[in-house]
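Here is the structure we will look at.
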Amino acid sequence: MTRRQRRLTLIGIAAIILSVAAGLALSALRDSIVFFVTPSELAAKPIEFGARFRLGGLVEQGSIVKDGLNVRFRVTDGGANLPVTYHGLLPDLFREGQGVVAEGKLNSSGVFVADTVLAKHDERYMPKEVADALKKQGHWQGEHKPETGK
Amino acid sequence: MIAELSHYALVLAFVLAVLQTILPLWGARKNDLTLMGVAEPLALAGFGFIAFAFAGLIASFVRSDFSVLAVYTNSHSLQPLLYKITGVWGNHEGSMILWVFVLGFFSALVASLGGNLPARLRANVLGIEGSIAAVFLLFILTTSNPFLRLSPAPAEGQQLNPILQDIGLAIHPPLLYLGYVGFSIAFAFAAAALIEGRLDAAWARWVRPWILTAWIFLTLGIAMGSYWAYYELGWGGYWFWDPVENASLMPWLAGTALLHSAIVMEKREALKVWTVLLAILTFSFSLLGTFLVRSGVLTSVHSFANDPARGVFILAILILFIGGSLALFALRAPVLKQGGLFAPVSREGALVINNLLLTATAATVFTGTLYPLVLEAVTGEKISVGAPFFDRTAGPLLLCLLLVMPAGPLLAWKRGDLRGVTERLTFAAGIAAAVAGLVLWLTQGGPILSAAGLFCAIYAIAGALIEFSERLQLFRIPLAASFSRARGLPRSAFGTVLAHIGVGISLLGIVAEAGWSQERVVALKPGDRIAIADFDLSFKGLYDREGENWHDRLGRFEIRRGGLQVTTLEPAKRIYLGNQPTTEAGIATFGFGQLYISLGEPMPNGAISAHIYWKPLVTLIWIGGMVMAIGGALSLSDRRLRVGAPKPARRMSVLPAE
């Protein structure tokens, strides 16, 4: 093989690997990304039934009902709210009036069935998406300690 | 007083770092030996001042001096001593001090061990290290001063975040930073080579030990962080594709590629330009990681800061170093001479494919990590890119990489014997297919990806072992002769085999955990029993336990296997001072598998919820990481790779050297 042929072979292999990687990334981006939505956004622009998304907001005061491992609560952003059901263990800092992000799907009766529930990592921090959502609705009181938080 | 002195030391360190940047680089340009010579004392003195400041901060934490803001917000007088100390870097300001401390440490190492480097190269390398230190010290001094005072001093601190009050904080960040920042040396060598326009095999020999050192620490740091997240968060997972985890994975992928391309460069003088580009990319990924974690653009377990000024500053650093080095690369790379020739089927060829697959993987991880940030900045739409994306992109690419991996060491340099290699690898593939088939049959099938992963893992291990036995001519010559061949092999040969086996071991753990884990979410009352895998758990009830600064509500589980009690597990909800709860998982190891119990909240009827997992072979994930690191350490201890060894490698009698 000449130097030129060798170089072309290498470039060919590189092109194949890079295009496979790009193809994988594009197809995965189309199918496996999950949108983040707040109850108000959902009310304004409904999401098709059965699609996976992330719901964020505050756990509404007085809305938590526990029945064994089944939990029902409502997520609010001050503008609208949405009922959520979840089966399993809740995170340590899941509390009424606190920020929460739930991932799952809407069922036919308009209840959000979550398979993952995330809360804060510690007392001092609010999930960024939730903070932004609350700011949008004008219910943001500011973080008392923006310096720290994990 | 300590805080003020430490602050002053940081300012001095900054001034020294500026001098360390300007004087040696100028000296190298003017060929002035005196100016070049000041680099070493400046690097050593600069490290001394940073170390003083770091020690001062530690002292403030140990003495619980709450008049220092960082101590007040991250420590408490009742915290155990270990967590007072580790709390130093359990916050934004302190972790930046640790960052520059490690940077100063590496600069000092180059200064004291680099005696046999050519004067200009050494001056340029130390000058560039100095510039990184200067910029980060300026960042600390202007936006993240850890020595700010509070007046009046509060009587008590707010304590370190409970999740961080763990031995993991003592190990994970220092190891990770030694890795992240260690790659700055490869970066400095690359930039120095570009400035000088000189790049040869000797350069590769000088830089390789530093790349390897950084890689070993980064590997250990990631493995340790993964295990920490696994046992501390109580979610049973070991990798969440969190942007911050990805931030450590990207430099690891690029650094692994760099490790291999530097070998090609040293042995064959090929891939020169590419190696330099990779060195730049690897440290750029380290800087990107620092930006992602420290700028507050994301919130995660790791990000402490939310001050936008910091984000803008780090972004500026990022643009300065990445943009600057890439511009330098574009300008100077054409000056570098082309290297040696090789056929596509050769060890060089295999290493090129290794490099392409690793960088392509890093690129997909980069896409998945930054796409949500870019999309939000551009359209305001919020999305999350999680495990499904990375499983479908990085997964297949890494499996392909594993298929090529055993071929590399089997192929000869320059021109390889494809047929011979195929024969040997077919044997490895046969073993892998047989074992994978048997496991699938015994466990009644599994998802197709598990089967593919299992095959790749066993094939990688078998391939590495076959390559090793080839070298020893095992079973073809008497055992004693094989043994003496083994003694004659360079340590780096053992290192390669071990590191490659480590990759297979980790994959085995990942595949087993993903494909054959069992889990149950249950509500239990005292006296209840529950079965998982071949274990029989009985719940004995809830008990209390007091610690220094916490209070446990623990559930006691007796574990039986085959009718015999094998152990007791006590997962707990731990309440720290200030009513902050954490979940303390109960974990028992059986063979390489683990039984993992995470406790939920008590229910009104006296029951408690629990998430119980059986994860077969899960420990192999981290053991594999350690085996990789041990392999790296063995290679590093090879005398031919001795730090800074300038002499040409001594050829090992009749054996092929690598």
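For the structure tokens, the naming scheme is as follows: chains receive sequential letters (A, B, ...) according to their order of presentation, residues are indexed from 1 within each chain, and ligands are indexed from 1 in presentation order.
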Produce a table with one row for each residue of chain B that has an atom at most 8 Å from any atom of chain A, each row naming the nearest atom pair and its distance in Å at one decimal; use only C-alpha atoms; arrange rows by chain and rising residue number; format as CSV.
```
residue,atom,partner,partner_atom,distance
B:Thr73,CA,A:Thr148,CA,7.4
B:Asn91,CA,A:Thr148,CA,7.1
B:His92,CA,A:Thr148,CA,7.8
B:Asn161,CA,A:Asp122,CA,6.9
B:Leu298,CA,A:Lys128,CA,7.4
B:Thr299,CA,A:Lys128,CA,6.2
B:Ser300,CA,A:Lys150,CA,6.8
B:Val301,CA,A:Lys150,CA,5.4
B:His302,CA,A:Lys150,CA,5.9
B:Ser303,CA,A:Lys150,CA,5.6
B:Phe304,CA,A:Lys150,CA,4.9
B:Ala305,CA,A:Glu147,CA,5.9
B:Asn306,CA,A:Pro146,CA,6.2
B:Asp307,CA,A:Glu147,CA,7.3
B:Leu341,CA,A:Arg3,CA,7.4
B:Phe342,CA,A:Arg6,CA,7.8
B:Ala343,CA,A:Arg6,CA,6.5
B:Pro344,CA,A:Arg6,CA,6.6
B:Ile353,CA,A:Ala14,CA,7.8
B:Leu356,CA,A:Ala14,CA,6.5
B:Leu357,CA,A:Ile17,CA,6.9
B:Ala360,CA,A:Leu18,CA,6.1
B:Thr361,CA,A:Ala21,CA,7.4
B:Thr364,CA,A:Ala25,CA,6.2
B:Thr367,CA,A:Ala25,CA,7.8
B:Gly368,CA,A:Leu29,CA,8.0
B:Glu381,CA,A:Phe35,CA,7.8
B:Lys382,CA,A:Phe36,CA,5.1
B:Ile383,CA,A:Phe35,CA,4.1
B:Ser384,CA,A:Val34,CA,5.2
B:Val385,CA,A:Ile33,CA,5.0
B:Gly386,CA,A:Ile33,CA,7.1
B:Pro388,CA,A:Ser32,CA,5.8
B:Phe389,CA,A:Ala28,CA,5.2
B:Arg392,CA,A:Ala28,CA,6.3
B:Thr393,CA,A:Leu24,CA,5.3
B:Leu397,CA,A:Ala21,CA,7.3
B:Val521,CA,A:Gly88,CA,6.3
B:Val522,CA,A:Leu69,CA,7.3
B:Ala523,CA,A:Gly68,CA,6.6
B:Gln580,CA,A:Glu123,CA,7.0
B:Pro581,CA,A:Asp92,CA,6.0
B:Thr582,CA,A:Asp92,CA,6.2
B:Thr583,CA,A:Asp92,CA,7.0
B:Gly600,CA,A:Leu89,CA,5.5
B:Glu601,CA,A:Leu89,CA,7.7
B:Met603,CA,A:Gly68,CA,7.0
B:Ser609,CA,A:Leu69,CA,6.8
B:Ala610,CA,A:Leu89,CA,7.1
B:His611,CA,A:Leu89,CA,7.0
```
Handout entry: 6 Å contact set for A:Pro83, only C-alpha atoms, chain neighbours under 5 positions out, as an MDAnalysis selection string
Key = chainID A and resid 73:74 111
Practice task
Would you list the contacts of stretch 28-38 of chain B as a ChimeraX atom specification, taking every protein, DNA or RNA residue within 8 Å and counting only C-alpha atoms, but skipping same-chain residues closer than 6 positions in sequence?
Solution key: /B:20,119-120,123-124
Write a file of the just-selected residues containing N, CA and C atoms, as an mmCIF file, in the first residue's frame.
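Produced file result-v1.cif, reproduced below:
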```cif
data_model
loop_
_atom_site.group_PDB
_atom_site.id
_atom_site.type_symbol
_atom_site.label_atom_id
_atom_site.label_comp_id
_atom_site.auth_asym_id
_atom_site.auth_seq_id
_atom_site.Cartn_x
_atom_site.Cartn_y
_atom_site.Cartn_z
ATOM 1 N N GLN B 20 6.034 32.883 37.466
ATOM 2 C CA GLN B 20 6.364 31.558 36.926
ATOM 3 C C GLN B 20 5.855 31.419 35.487
ATOM 4 N N ALA B 119 16.297 22.048 29.031
ATOM 5 C CA ALA B 119 15.990 23.276 29.769
ATOM 6 C C ALA B 119 14.798 24.026 29.187
ATOM 7 N N ARG B 120 14.727 24.116 27.852
ATOM 8 C CA ARG B 120 13.634 24.897 27.260
ATOM 9 C C ARG B 120 12.289 24.233 27.466
ATOM 10 N N ALA B 123 11.244 24.737 31.034
ATOM 11 C CA ALA B 123 10.824 26.118 31.286
ATOM 12 C C ALA B 123 9.427 26.361 30.716
ATOM 13 N N ASN B 124 9.198 25.883 29.494
ATOM 14 C CA ASN B 124 7.885 26.086 28.888
ATOM 15 C C ASN B 124 6.788 25.350 29.650
#
```
Handout entry: Secondary structure check, alpha helix (DSSP H) residues of stretch 18-58 of chain A, as number ranges by chain
Key = A: 18-32, 39-44
Just C-alpha atoms for this one: save the residues we selected as a JSON list (two decimals), in the first residue's frame.
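Dumped everything to again-v7.json:
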```json
[["chain", "number", "residue", "atom", "x", "y", "z"],
["A", 18, "LEU", "CA", -17.70, 8.92, 13.62],
["A", 19, "SER", "CA", -20.81, 8.63, 11.47],
["A", 20, "VAL", "CA", -21.97, 5.57, 13.43],
["A", 21, "ALA", "CA", -21.49, 7.57, 16.64],
["A", 22, "ALA", "CA", -23.35, 10.55, 15.19],
["A", 23, "GLY", "CA", -26.17, 8.29, 13.98],
["A", 24, "LEU", "CA", -26.49, 6.65, 17.38],
["A", 25, "ALA", "CA", -26.53, 10.02, 19.10],
["A", 26, "LEU", "CA", -29.16, 11.50, 16.78],
["A", 27, "SER", "CA", -31.50, 8.54, 17.00],
["A", 28, "ALA", "CA", -31.10, 8.40, 20.78],
["A", 29, "LEU", "CA", -31.74, 12.14, 21.06],
["A", 30, "ARG", "CA", -34.97, 11.71, 19.11],
["A", 31, "ASP", "CA", -36.28, 8.86, 21.24],
["A", 32, "SER", "CA", -34.86, 9.10, 24.70],
["A", 39, "PRO", "CA", -48.36, 22.07, 35.92],
["A", 40, "SER", "CA", -49.06, 25.52, 34.41],
["A", 41, "GLU", "CA", -47.24, 24.66, 31.21],
["A", 42, "LEU", "CA", -49.14, 21.41, 31.05],
["A", 43, "ALA", "CA", -52.44, 23.22, 31.47],
["A", 44, "ALA", "CA", -51.52, 25.67, 28.69]]
```
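The spacing separating atom CA of B:Leu398 from atom CA of B:Leu358 amounts to 7.5 Å.
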Exercise for the section: Do a neighbour search on B:Thr213 at 8 Å with only C-alpha atoms, toss out local chain neighbours closer than 2 positions, and write the hits as a PyMOL selection string. Expected result: chain B and resi 179+182+209-211+215-217+632-633+636
Problem - Polymer residues at most 8 Å from stretch 42-58 of chain B, only C-alpha atoms, same-chain spacing of 5 or more positions, as a VMD selection string - result: chain B and resid 2 to 3 5 to 7 9 to 10 12 to 14 16 to 17 19 to 20 85 88 94 97 to 98 100 to 101 104 to 105 107 to 108 111 126 130 146 to 147
Please produce a file of the residues just selected, as a compact mmCIF listing (two decimals), in the first residue's frame, where the atoms kept are C-alpha atoms.
```
# COMPACT_ATOMS: atom_id res chain seq x y z
CA ILE B 2 -4.39 32.10 60.61
CA ALA B 3 -7.08 33.03 58.09
CA LEU B 5 -1.96 34.79 56.96
CA SER B 6 -3.38 32.08 54.73
CA HIS B 7 -5.15 34.63 52.59
CA ALA B 9 -0.08 33.33 51.33
CA LEU B 10 -2.61 32.82 48.54
CA LEU B 12 1.80 35.63 47.29
CA ALA B 13 1.21 32.32 45.53
CA PHE B 14 -0.68 34.22 42.85
CA LEU B 16 4.68 33.84 42.16
CA ALA B 17 2.46 32.02 39.65
CA LEU B 19 6.17 35.31 37.60
CA GLN B 20 6.36 31.56 36.93
CA ILE B 85 -11.07 18.05 57.96
CA VAL B 88 -12.58 21.74 54.04
CA GLY B 94 -12.39 24.82 49.84
CA ILE B 97 -8.22 25.42 47.18
CA LEU B 98 -7.78 21.66 46.92
CA VAL B 100 -4.91 24.59 43.11
CA PHE B 101 -3.13 22.64 45.84
CA GLY B 104 0.84 23.27 42.72
CA PHE B 105 1.81 19.78 43.84
CA SER B 107 4.15 21.72 39.28
CA ALA B 108 6.46 21.11 42.21
CA ALA B 111 10.23 21.05 39.06
CA LEU B 126 6.48 25.05 34.11
CA GLY B 130 2.20 28.59 36.21
CA PRO B 146 -12.39 30.82 51.61
CA PHE B 147 -10.94 33.12 54.28
```
